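See below for the structure under consideration.
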Amino acid sequence: MSIPLSLSGKVALITGGSRGIGAATVRMFSQAGAKVVFNYRAAKKEADALMNECGSATCCALACDLNTPASAAPLVRAAAERFGRLDILVANHGVWLGDDVGIDQMPDQQWRDTLSINLDAVFGLVKHAVVQMKAQMKSQMKSQPRTNGPVGHIVLISSTSGQRGEAFHCDYSASKGALISMTKSLSSELAPQGIYVNCVAPGWVDTDMSSATLADPKTGDVIRRTIPLGRVAKPEEIAAPVLFLCTEHAGFISGEIFNVNGGAVLVG
């Protein structure tokens, strides 16, 4: 007997959804029955193609450059208005610069840009999504008492870099490590109110962002030798745990850092 991972009746906002892990997550959520809003920054062609593939009646692509807390507010509002509510937030967007830069050579602007996109915008997304989810709960309680089911799900996408660090990429590691701490703090704060907050921490994944590094014969070989499974992940292998964490089958999981790295970082 099969046990479906269903999101029927749910509305999800997935950031950075036009390519890579984000696009795989949009597809998987749509296949699971969710209505999905996702944003893109510049990849309009890819975003439109994905929206049409999933069905424009239940999948909506919005242009939005997430680089400040304030930039998140209109995106959350648009997602809730498009389908009438918001049940799930997946904060997937982010930047990673492939070139190594030592701390003594790192431009102040690079540090600021990375933290603004990878952390500040996530703060804004979570803040405004929680406002929306709490408003929905308050409205629903006027007509019927709240059950023990979830009010909402939030999944932040971190990285192994946020757990063990990454030499010459301290800006990225700092931003992703902060998301792990944010997950634990937010879970303690929001779980009693029925908002589940979890984190998925991928290792190396075959995406556009990492393609040049993985294709380099020297660095690519070193990377693969550090992964016990001997290969990097496919985007779908990250999207599937994200999906699971937003279903009823993860009903007793909150504050968890879900490692998906082929065994490369055996830490919590």
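By order in the structure tokens, chains are A, B, ...; within a chain, residues start at 1; ligands start at 1, following the order shown.
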Q. Excluding same-chain residues fewer than 3 positions from Met51 of chain A, what lies within 12 Å of it counting only C-alpha atoms, as a ChimeraX atom specification?
A. /A:17-19,23,26-27,30,35-40,44-48,54-62
Preceding selection exported with N, CA and C atoms as a PDB file, in the first residue's frame:
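Heads up, here's the output in selection02.pdb:
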```pdb
ATOM      1  N   GLY A  17      12.573  29.968  -6.993  1.00  0.00           N
ATOM      2  CA  GLY A  17      11.933  28.776  -7.538  1.00  0.00           C
ATOM      3  C   GLY A  17      12.136  28.521  -9.007  1.00  0.00           C
ATOM      4  N   SER A  18      12.899  29.333  -9.706  1.00  0.00           N
ATOM      5  CA  SER A  18      12.965  29.179 -11.157  1.00  0.00           C
ATOM      6  C   SER A  18      13.959  28.127 -11.614  1.00  0.00           C
ATOM      7  N   ARG A  19      14.947  27.796 -10.761  1.00  0.00           N
ATOM      8  CA  ARG A  19      15.979  26.851 -11.176  1.00  0.00           C
ATOM      9  C   ARG A  19      16.431  26.010  -9.985  1.00  0.00           C
ATOM     10  N   ALA A  23      13.285  24.990  -8.275  1.00  0.00           N
ATOM     11  CA  ALA A  23      12.422  24.492  -9.343  1.00  0.00           C
ATOM     12  C   ALA A  23      11.971  23.065  -9.056  1.00  0.00           C
ATOM     13  N   VAL A  26       9.235  23.313  -6.482  1.00  0.00           N
ATOM     14  CA  VAL A  26       7.982  23.781  -7.083  1.00  0.00           C
ATOM     15  C   VAL A  26       7.272  22.625  -7.784  1.00  0.00           C
ATOM     16  N   ARG A  27       8.018  21.868  -8.579  1.00  0.00           N
ATOM     17  CA  ARG A  27       7.417  20.729  -9.291  1.00  0.00           C
ATOM     18  C   ARG A  27       6.833  19.716  -8.312  1.00  0.00           C
ATOM     19  N   SER A  30       3.747  20.948  -6.493  1.00  0.00           N
ATOM     20  CA  SER A  30       2.610  20.970  -7.419  1.00  0.00           C
ATOM     21  C   SER A  30       2.078  19.563  -7.637  1.00  0.00           C
ATOM     22  N   LYS A  35      -1.089  24.461  -4.192  1.00  0.00           N
ATOM     23  CA  LYS A  35      -1.028  25.649  -5.036  1.00  0.00           C
ATOM     24  C   LYS A  35       0.257  26.374  -4.671  1.00  0.00           C
ATOM     25  N   VAL A  36       1.022  26.772  -5.677  1.00  0.00           N
ATOM     26  CA  VAL A  36       2.381  27.256  -5.431  1.00  0.00           C
ATOM     27  C   VAL A  36       2.600  28.630  -6.043  1.00  0.00           C
ATOM     28  N   VAL A  37       3.174  29.521  -5.252  1.00  0.00           N
ATOM     29  CA  VAL A  37       3.701  30.789  -5.739  1.00  0.00           C
ATOM     30  C   VAL A  37       5.207  30.739  -5.553  1.00  0.00           C
ATOM     31  N   PHE A  38       5.952  31.085  -6.588  1.00  0.00           N
ATOM     32  CA  PHE A  38       7.408  31.140  -6.443  1.00  0.00           C
ATOM     33  C   PHE A  38       7.938  32.416  -7.074  1.00  0.00           C
ATOM     34  N   ASN A  39       9.077  32.851  -6.594  1.00  0.00           N
ATOM     35  CA  ASN A  39       9.661  34.072  -7.130  1.00  0.00           C
ATOM     36  C   ASN A  39      10.909  33.762  -7.941  1.00  0.00           C
ATOM     37  N   TYR A  40      11.265  34.688  -8.775  1.00  0.00           N
ATOM     38  CA  TYR A  40      12.522  34.642  -9.513  1.00  0.00           C
ATOM     39  C   TYR A  40      13.064  36.065  -9.569  1.00  0.00           C
ATOM     40  N   LYS A  44      13.294  34.977 -16.061  1.00  0.00           N
ATOM     41  CA  LYS A  44      11.872  35.014 -16.441  1.00  0.00           C
ATOM     42  C   LYS A  44      11.512  33.874 -17.391  1.00  0.00           C
ATOM     43  N   LYS A  45      12.365  33.585 -18.350  1.00  0.00           N
ATOM     44  CA  LYS A  45      12.071  32.526 -19.314  1.00  0.00           C
ATOM     45  C   LYS A  45      11.897  31.186 -18.614  1.00  0.00           C
ATOM     46  N   GLU A  46      12.826  30.867 -17.714  1.00  0.00           N
ATOM     47  CA  GLU A  46      12.752  29.603 -16.978  1.00  0.00           C
ATOM     48  C   GLU A  46      11.536  29.577 -16.054  1.00  0.00           C
ATOM     49  N   ALA A  47      11.256  30.723 -15.414  1.00  0.00           N
ATOM     50  CA  ALA A  47      10.120  30.800 -14.496  1.00  0.00           C
ATOM     51  C   ALA A  47       8.801  30.606 -15.225  1.00  0.00           C
ATOM     52  N   ASP A  48       8.646  31.255 -16.370  1.00  0.00           N
ATOM     53  CA  ASP A  48       7.412  31.119 -17.138  1.00  0.00           C
ATOM     54  C   ASP A  48       7.221  29.686 -17.627  1.00  0.00           C
ATOM     55  N   CYS A  54       3.688  23.367 -14.664  1.00  0.00           N
ATOM     56  CA  CYS A  54       2.928  22.962 -13.483  1.00  0.00           C
ATOM     57  C   CYS A  54       1.454  23.326 -13.578  1.00  0.00           C
ATOM     58  N   GLY A  55       1.141  24.271 -14.468  1.00  0.00           N
ATOM     59  CA  GLY A  55      -0.246  24.700 -14.641  1.00  0.00           C
ATOM     60  C   GLY A  55      -0.476  26.063 -14.046  1.00  0.00           C
ATOM     61  N   SER A  56      -0.689  27.054 -14.879  1.00  0.00           N
ATOM     62  CA  SER A  56      -0.789  28.433 -14.407  1.00  0.00           C
ATOM     63  C   SER A  56      -2.006  28.689 -13.520  1.00  0.00           C
ATOM     64  N   ALA A  57      -2.966  27.775 -13.520  1.00  0.00           N
ATOM     65  CA  ALA A  57      -4.131  27.945 -12.651  1.00  0.00           C
ATOM     66  C   ALA A  57      -3.786  27.696 -11.186  1.00  0.00           C
ATOM     67  N   THR A  58      -2.765  26.894 -10.952  1.00  0.00           N
ATOM     68  CA  THR A  58      -2.382  26.545  -9.578  1.00  0.00           C
ATOM     69  C   THR A  58      -0.922  26.850  -9.265  1.00  0.00           C
ATOM     70  N   CYS A  59      -0.208  27.460 -10.204  1.00  0.00           N
ATOM     71  CA  CYS A  59       1.203  27.796  -9.999  1.00  0.00           C
ATOM     72  C   CYS A  59       1.458  29.186 -10.565  1.00  0.00           C
ATOM     73  N   CYS A  60       2.067  30.045  -9.772  1.00  0.00           N
ATOM     74  CA  CYS A  60       2.234  31.453 -10.152  1.00  0.00           C
ATOM     75  C   CYS A  60       3.678  31.881  -9.930  1.00  0.00           C
ATOM     76  N   ALA A  61       4.292  32.471 -10.946  1.00  0.00           N
ATOM     77  CA  ALA A  61       5.663  32.975 -10.860  1.00  0.00           C
ATOM     78  C   ALA A  61       5.643  34.493 -10.741  1.00  0.00           C
ATOM     79  N   LEU A  62       6.390  35.023  -9.776  1.00  0.00           N
ATOM     80  CA  LEU A  62       6.443  36.467  -9.546  1.00  0.00           C
ATOM     81  C   LEU A  62       7.892  36.946  -9.533  1.00  0.00           C
TER      82      LEU A  62
END
```
List the spatial neighbours of Glu81 of chain A as a PyMOL selection string - criterion: any atom at most 12 Å away, only C-alpha atoms, same-chain residues fewer than 2 positions off excluded.
chain A and resi 11+13+37+60+74-79+83-86+132
Between A:Gln193, A:Thr114, A:Ser161, A:Ser181, smallest distance to Ala135 of chain A by only C-alpha atoms belongs to A:Gln193
Run DSSP on the backbone and tell me which residues of segment 19-209 of chain A come out as alpha helix (DSSP H); list them as a PyMOL selection string. chain A and resi 20-31+44-54+69-83+108-115+121-143+161-164+170-190
Can you tell me, as a PyMOL selection string, what residues are no more than 12 Å from Val95 of chain A when counting only C-alpha atoms, ignoring any on the same chain fewer than 5 positions away?
-> chain A and resi 16+41+65-67+110-119+121+157-159+169+171-173+175-176+208-210
Dump as an mmCIF file, in the first residue's frame, selection limited to C-alpha atoms:
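Everything below was put into again_12.cif:
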```cif
data_model
loop_
_atom_site.group_PDB
_atom_site.id
_atom_site.type_symbol
_atom_site.label_atom_id
_atom_site.label_comp_id
_atom_site.auth_asym_id
_atom_site.auth_seq_id
_atom_site.Cartn_x
_atom_site.Cartn_y
_atom_site.Cartn_z
ATOM 1 C CA GLY A 16 14.268 31.103 -5.686
ATOM 2 C CA ARG A 41 14.962 37.516 -9.862
ATOM 3 C CA ASP A 65 14.565 40.624 -5.884
ATOM 4 C CA LEU A 66 14.855 39.457 -2.277
ATOM 5 C CA ASN A 67 17.692 41.485 -0.779
ATOM 6 C CA GLN A 110 30.368 41.227 -0.820
ATOM 7 C CA TRP A 111 29.821 40.528 2.873
ATOM 8 C CA ARG A 112 26.856 42.890 3.002
ATOM 9 C CA ASP A 113 25.279 41.569 -0.211
ATOM 10 C CA THR A 114 25.521 37.935 0.885
ATOM 11 C CA LEU A 115 24.039 38.602 4.318
ATOM 12 C CA SER A 116 21.323 40.823 2.852
ATOM 13 C CA ILE A 117 20.107 38.156 0.443
ATOM 14 C CA ASN A 118 20.769 34.980 2.434
ATOM 15 C CA LEU A 119 19.725 36.206 5.876
ATOM 16 C CA ALA A 121 15.481 38.698 3.287
ATOM 17 C CA ILE A 157 17.317 25.971 3.331
ATOM 18 C CA SER A 158 20.752 26.074 4.964
ATOM 19 C CA SER A 159 23.898 24.172 3.937
ATOM 20 C CA HIS A 169 33.576 31.655 1.927
ATOM 21 C CA ASP A 171 30.165 35.258 4.192
ATOM 22 C CA TYR A 172 28.152 32.301 2.902
ATOM 23 C CA SER A 173 28.920 30.104 5.924
ATOM 24 C CA SER A 175 24.588 33.379 6.573
ATOM 25 C CA LYS A 176 23.751 29.679 6.432
ATOM 26 C CA ASP A 208 23.699 26.110 -11.901
ATOM 27 C CA MET A 209 25.206 27.743 -8.823
ATOM 28 C CA SER A 210 27.741 24.968 -8.291
#
```
task = Report the distance between atom CA of Met133 of chain A and atom CA of Ala80 of chain A in Å, rounded to one decimal place.
result =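 For atom CA of Met133 of chain A relative to atom CA of Ala80 of chain A, the distance reads 9.7 Å.
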